[in-house]
Each structure stands twice: as C-alpha cells, then as structure tokens.
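**Student:** Dropping the structure in here first, questions after.
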Amino acid sequence: MGHATARDGVKLYYEETGTGVPILFIHEFAGDYRAWEPQLGHFGRRRRCIVYSARGYPNSDIPPDSGSYSQELARDDALAVLDHLEIERAHIVGLSMGGFATLHFGLAYPDRALSLTVCGCGYGAEPDTRDEFRALSLEVASSFEKQGAAGFAEEYGSGPGRENFMRKDPRGWRAFVARLAEHSDAGSALTQRGVQAERPGLWDLEDRIRAIQLPTLIVSGDDDQRCLVPGLFLKRCIGRARLFVMPDTGHVLNLEDPALFNMVLEGFLTDVEIGKT
C-alpha cells in the first residue's frame with residue numbers, strides 16, 4: 001500500500017497483491033479501493049492486482065477546487081498509478097464511473113493497456129439522456145453536501161440498478177452501503193459535479209471509439225437498464241470487443257455476482273494473454 005502522485009500533485013492511495021501480469025481495477029462512484037475485494041482474492045493468486053481510490057475518496061487526497069475533478073483527470077490518475085509502480089502495460093478493468101475512465105484510458109493511452117474491461121458503463125451517455133443525467137448528478141452532489149455521505153448512503157445505494165444487489169445479497173449490500181457512508185461529503189459532491197455531470201457522451205466519441213484496436217470486454221447486468229443500449233453501442237463500435245450480459249444482475253455486478261463475473265473476466269484475460277482475441 002502507498003500513494004501515487006497525479007500530474008497535478010494529488011496523492012492517490014493504492015494497494016496491490018499477487019505477482020504476474022498486472023491488472024488495474026478502477027472503482028465506480030459509490031465504491032473505493034475496497035470495492036474489488038472479491039476480485040483481488042481470485043485474480044491475486046495468478047496475477048498482480050492493483051486497486052486505488054480516486055481523488056476525493058478514502059485515503060486519497062480530497063482537493064477542494066472543483067477544477068481538480070474531470071473525466072480527463074480521472075483517466076490520467078489511472079496512468080499515474082501505473083507510472084508510480086513502473087508498470088508498462090496492464091489489463092485495465094473499470095465499473096461505471098471507472099468503466100468510463102477505462103474507456104478513456106484506452107482512447108488516450110492504448111500503448112499502456114493489454115486489454116480493456118468496461119463494466120456497467122453508459123448511464124447518461126446516450127444523446128437523449130445527457131441533460132437529465134447532468135441534472136441528476138448535480139442533485140446528487142447537493143444531497144451529499146446537505147445530508148452528508150453518512151445520511152445519504154442508503155438512499156443512493158438503493159437506487160436504480162442496485163435493487164438486485166440488495167435483494168440477492170443483503171449482507172454484501174449492507175457492507176457496500178457502510179463503505180459509502182464513510183466517503184467524503186465534499187469529495188463525493190465534487191466528483192459528481194466535475195466528473196459525472198461533465199463527462200462527454202459516448203455517441204459524441206463514436207469515431208474515436210471505433211478506432212480502438214485493443215481487445216475489449218464489455219459487461220452489463222440485464223437489470224441495469226441504463227447501460228444495456230450503451231453496451232451494445234460499444235460492442236458495435238469496437239472491432240475486437242466481446243459483450244457479456246450477466247443474468248438477473250444490476251449495476252454493481254462485480255459484487256452482486258462475483259463468481260460469474262470472475263469466471264467471465266478470467267476467460268477473457270486468459271484469451272488475451274494467449275493471443276486468442
């Protein structure tokens with residue numbers, strides 16, 4: 001465990017386990033470095049696994065300036081972690097907000113990625129949902145400021161796409177909400193305003209997405225309605241992409257059904273490593 005330094009001086013907390021081909025995991029808005037624990041236990045047996053907290057999240061710096069939060073900075077923070085650890089290339093795996101960071105990493109730094117795994121990605125990315133999503137992001141930011149993470153965590157954690165997790169694994173969901181309640185009120189609000197509300201839509205990036213040559217795995221839950229169409233869009237655009245839709249699964253798919261998620265990701269990473277993609 002330690003801290004990597006981003007290009008603007010922000011300190012990013014990371015942990016790692018295992019040896020072998022590296023995997024960098026990037027968490028969603030409601031997660032942090034702890035959100036990938038079921039994956040560290042599985043993949044850390046044969047590969048080098050790295051997790052980190054985004055800026056504004058537990059154990060990382062929480063810069064107070066709104067200009068310190070953006071999709072571009074989120075993308076470059078992933079690169080800063082790899083640079084700090086002197087990793088030339090890694091599998092990049094991200095969920096939701098982390099899925100967007102993974103995609104943007106592939107667009108900007110394809111020579112630093114072995115593969116991309118883009119999970120639960122696309123909410124608010126369709127052209128006719130942009131304004132609604134931006135308004136919702138600003139509303140969520142205000143809720144974190146007014147109620148605090150401790151007061152708002154359960155409401156946010158039981159929102160659309162997360163009901164299945166609550167139903168299927170009440171204990172796991174409760175632990176997920178408890179971690180969210182520990183997040184910074186300010187860091188959460190700033191992330192919603194700077195990263196979530198201002199990120200570009202996927203359809204606006206179509207030409208750049210079509211140019212991606214990296215092997216790419218797209219994973220969506222079949223009950224995560226907001227990400228199904230964007231997942232299909234990414235599959236159509238990326239020549240070396242494969243799409244897996246997890247049955248009876250919502251947004252937090254790596255925690256909701258870790259055994260299936262790990263199996264699908266294991267198969268993809270193995271295929272990449274032996275040149276079958």
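In the structure tokens, chains take the letters A, B, ... in the order shown, each chain's residues start at 1, and ligands count up from 1 in the order shown.
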What residues in region 37-226 of chain A get the DSSP label strand (DSSP E)? Please answer as a PyMOL selection string.

**Tutor:** chain A and resi 48-52+90-95+113-119+216-221

**Student:** Could you name the residues that touch Ile26 (chain A) at 7 Å or less, counting only C-alpha atoms, but leaving out those on the same chain fewer than 6 positions away, as a PyMOL selection string?

**Tutor:** chain A and resi 51-52+93-95+98

**Student:** Go ahead and write the selection's residues with N, CA and C atoms as an mmCIF file, in the first residue's frame.

**Tutor:**
```
data_model
loop_
_atom_site.group_PDB
_atom_site.id
_atom_site.type_symbol
_atom_site.label_atom_id
_atom_site.label_comp_id
_atom_site.auth_asym_id
_atom_site.auth_seq_id
_atom_site.Cartn_x
_atom_site.Cartn_y
_atom_site.Cartn_z
ATOM 1 N N VAL A 51 -5.443 -1.932 -6.910
ATOM 2 C CA VAL A 51 -6.648 -1.125 -6.722
ATOM 3 C C VAL A 51 -6.226 0.226 -6.168
ATOM 4 N N TYR A 52 -7.020 1.241 -6.441
ATOM 5 C CA TYR A 52 -6.725 2.554 -5.872
ATOM 6 C C TYR A 52 -8.019 3.322 -5.669
ATOM 7 N N VAL A 93 -9.460 -2.583 -15.872
ATOM 8 C CA VAL A 93 -10.811 -3.060 -15.576
ATOM 9 C C VAL A 93 -11.535 -1.992 -14.777
ATOM 10 N N GLY A 94 -12.685 -1.532 -15.251
ATOM 11 C CA GLY A 94 -13.411 -0.490 -14.528
ATOM 12 C C GLY A 94 -14.906 -0.707 -14.549
ATOM 13 N N LEU A 95 -15.565 -0.260 -13.491
ATOM 14 C CA LEU A 95 -17.020 -0.347 -13.358
ATOM 15 C C LEU A 95 -17.627 1.045 -13.313
ATOM 16 N N GLY A 98 -15.724 4.116 -13.199
ATOM 17 C CA GLY A 98 -14.448 3.503 -13.534
ATOM 18 C C GLY A 98 -14.431 2.900 -14.927
#
```

**Student:** Smallest atom-to-atom distance to Leu269 (chain A): which of A:Thr129, A:Gln213, A:Ser115, A:Ala74, using only C-alpha atoms?

**Tutor:**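 Of the candidates, the smallest distance to Leu269 (chain A) is held by A:Ser115.
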
**Student:** With only C-alpha atoms as the counted atoms, please give the residues lying no more than 10 Å from Leu255 (chain A), apart from itself and same-chain residues fewer than 5 positions off, as a ChimeraX atom specification.

**Tutor:** /A:35-39,165,169,172-173,176,261

**Student:** Export, as a compact mmCIF listing (two decimals), in the first residue's frame, the selected residues with C-alpha atoms.

**Tutor:**
```
# COMPACT_ATOMS: atom_id res chain seq x y z
CA ALA A 35 -14.88 -2.42 -3.92
CA TRP A 36 -12.79 -5.03 -5.74
CA GLU A 37 -12.07 -7.36 -2.82
CA PRO A 38 -13.72 -10.45 -4.43
CA GLN A 39 -11.56 -9.89 -7.49
CA PHE A 165 -27.86 -6.44 -5.06
CA ASP A 169 -27.10 -10.36 -1.03
CA GLY A 172 -22.99 -7.74 0.99
CA TRP A 173 -25.22 -4.78 0.11
CA PHE A 176 -21.36 -1.75 0.42
CA PHE A 261 -18.02 -12.05 -13.03
```

**Student:** List as CSV every residue of region 60-130 of chain A that is in contact with region 231-238 of chain A, defined as an atom at most 9 Å from one of its atoms (using only C-alpha atoms), together with the nearest atom pair and the distance in Å rounded to one decimal, sorted by chain and then rising number.

**Tutor:**
```
residue,atom,partner,partner_atom,distance
A:Val118,CA,A:Gly231,CA,8.7
A:Cys119,CA,A:Gly231,CA,8.5
A:Gly120,CA,A:Gly231,CA,7.9
A:Cys121,CA,A:Gly231,CA,6.9
A:Gly122,CA,A:Gly231,CA,7.0
```

**Student:** Considering only C-alpha atoms, state which residue in the set A:Leu73, A:Ala125, A:Ala90, A:Met1 is at the smallest distance from Arg226 (chain A).

**Tutor:**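 Among the listed residues, A:Ala125 lies closest to Arg226 (chain A).
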
**Student:** Give me every alpha helix (DSSP H) residue in region 176-270 of chain A, going by DSSP on the backbone, as a PyMOL selection string.

**Tutor:** chain A and resi 176-181+185-191+206-210+225-237+253-256+258-270

**Student:** Could you save the residues just selected, with C-alpha atoms, as a short mmCIF file (atom, residue, chain, number, x, y, z; two decimals), in the first residue's frame?

**Tutor:**
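Contents of result_29.cif, freshly written:
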```cif
data_model
loop_
_atom_site.label_atom_id
_atom_site.label_comp_id
_atom_site.auth_asym_id
_atom_site.auth_seq_id
_atom_site.Cartn_x
_atom_site.Cartn_y
_atom_site.Cartn_z
CA PHE A 176 -21.36 -1.75 0.42
CA VAL A 177 -23.58 0.98 1.91
CA ALA A 178 -21.45 1.15 5.07
CA ARG A 179 -18.35 1.83 2.97
CA LEU A 180 -20.19 4.51 1.00
CA ALA A 181 -21.22 6.17 4.27
CA ASP A 185 -19.13 14.65 1.64
CA ALA A 186 -17.08 17.20 -0.29
CA GLY A 187 -15.20 14.63 -2.37
CA SER A 188 -18.44 12.95 -3.42
CA ALA A 189 -20.10 16.24 -4.38
CA LEU A 190 -17.05 17.46 -6.31
CA THR A 191 -16.80 14.16 -8.17
CA GLU A 206 -18.02 7.42 -31.79
CA ASP A 207 -15.21 8.00 -34.29
CA ARG A 208 -12.56 7.69 -31.59
CA ILE A 209 -14.19 4.61 -30.09
CA ARG A 210 -14.29 2.93 -33.49
CA GLN A 225 -31.44 -0.83 -17.94
CA ARG A 226 -29.42 2.36 -18.30
CA CYS A 227 -26.33 0.55 -19.56
CA LEU A 228 -27.72 -2.06 -21.97
CA VAL A 229 -28.02 0.15 -25.07
CA PRO A 230 -24.63 1.82 -24.46
CA GLY A 231 -23.09 -1.63 -24.04
CA LEU A 232 -24.46 -2.70 -27.42
CA PHE A 233 -23.18 0.55 -28.92
CA LEU A 234 -19.66 -0.13 -27.65
CA LYS A 235 -19.83 -3.71 -28.95
CA ARG A 236 -20.77 -2.46 -32.42
CA CYS A 237 -18.04 0.17 -32.45
CA LEU A 253 -22.11 -6.61 -10.93
CA ASN A 254 -18.67 -7.49 -9.58
CA LEU A 255 -20.07 -7.59 -6.03
CA GLU A 256 -23.57 -8.81 -6.82
CA PRO A 258 -18.63 -12.19 -8.07
CA ALA A 259 -18.30 -15.86 -9.04
CA LEU A 260 -19.81 -15.36 -12.50
CA PHE A 261 -18.02 -12.05 -13.03
CA ASN A 262 -14.67 -13.56 -12.09
CA MET A 263 -15.24 -16.53 -14.41
CA VAL A 264 -16.09 -14.31 -17.39
CA LEU A 265 -13.18 -11.95 -16.75
CA GLU A 266 -10.78 -14.87 -16.21
CA GLY A 267 -11.72 -16.35 -19.55
CA PHE A 268 -11.26 -13.04 -21.34
CA LEU A 269 -7.90 -12.21 -19.74
CA THR A 270 -6.59 -15.71 -20.48
#
```

**Student:** Just checking: using only C-alpha atoms, which residue out of A:Arg75, A:His91, A:Lys11, A:Arg167 ends up closest to Arg47 (chain A)?

**Tutor:**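 Result for the nearest residue to Arg47 (chain A): A:His91.
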
**Student:** Neighbours of Asp128 (chain A) within 12 Å (only C-alpha atoms; same-chain residues fewer than 6 positions away dropped), as a ChimeraX atom specification?

**Tutor:** /A:134,201-204

**Student:** Write a file of the just-selected residues containing N, CA and C atoms, as a CSV table (one decimal), in the first residue's frame.

**Tutor:**
```csv
chain,number,residue,atom,x,y,z
A,134,ARG,N,-27.2,15.0,-16.3
A,134,ARG,CA,-26.4,16.1,-15.7
A,134,ARG,C,-27.2,16.7,-14.6
A,201,GLY,N,-20.7,12.4,-23.8
A,201,GLY,CA,-21.5,11.2,-24.1
A,201,GLY,C,-20.7,10.3,-25.0
A,202,LEU,N,-21.1,9.0,-25.0
A,202,LEU,CA,-20.4,8.0,-25.8
A,202,LEU,C,-20.6,8.3,-27.3
A,203,TRP,N,-21.8,8.7,-27.7
A,203,TRP,CA,-22.1,8.9,-29.1
A,203,TRP,C,-21.3,10.1,-29.6
A,204,ASP,N,-20.9,11.0,-28.8
A,204,ASP,CA,-20.0,12.1,-29.2
A,204,ASP,C,-18.6,11.6,-29.5
```

**Student:** Choose the residue, out of A:Gly44, A:Gly99, A:Gly250, A:Gly151, that has the smallest atom-to-atom separation from Thr117 (chain A); count only C-alpha atoms.

**Tutor:**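 Closest residue, counting only C-alpha atoms: A:Gly99.
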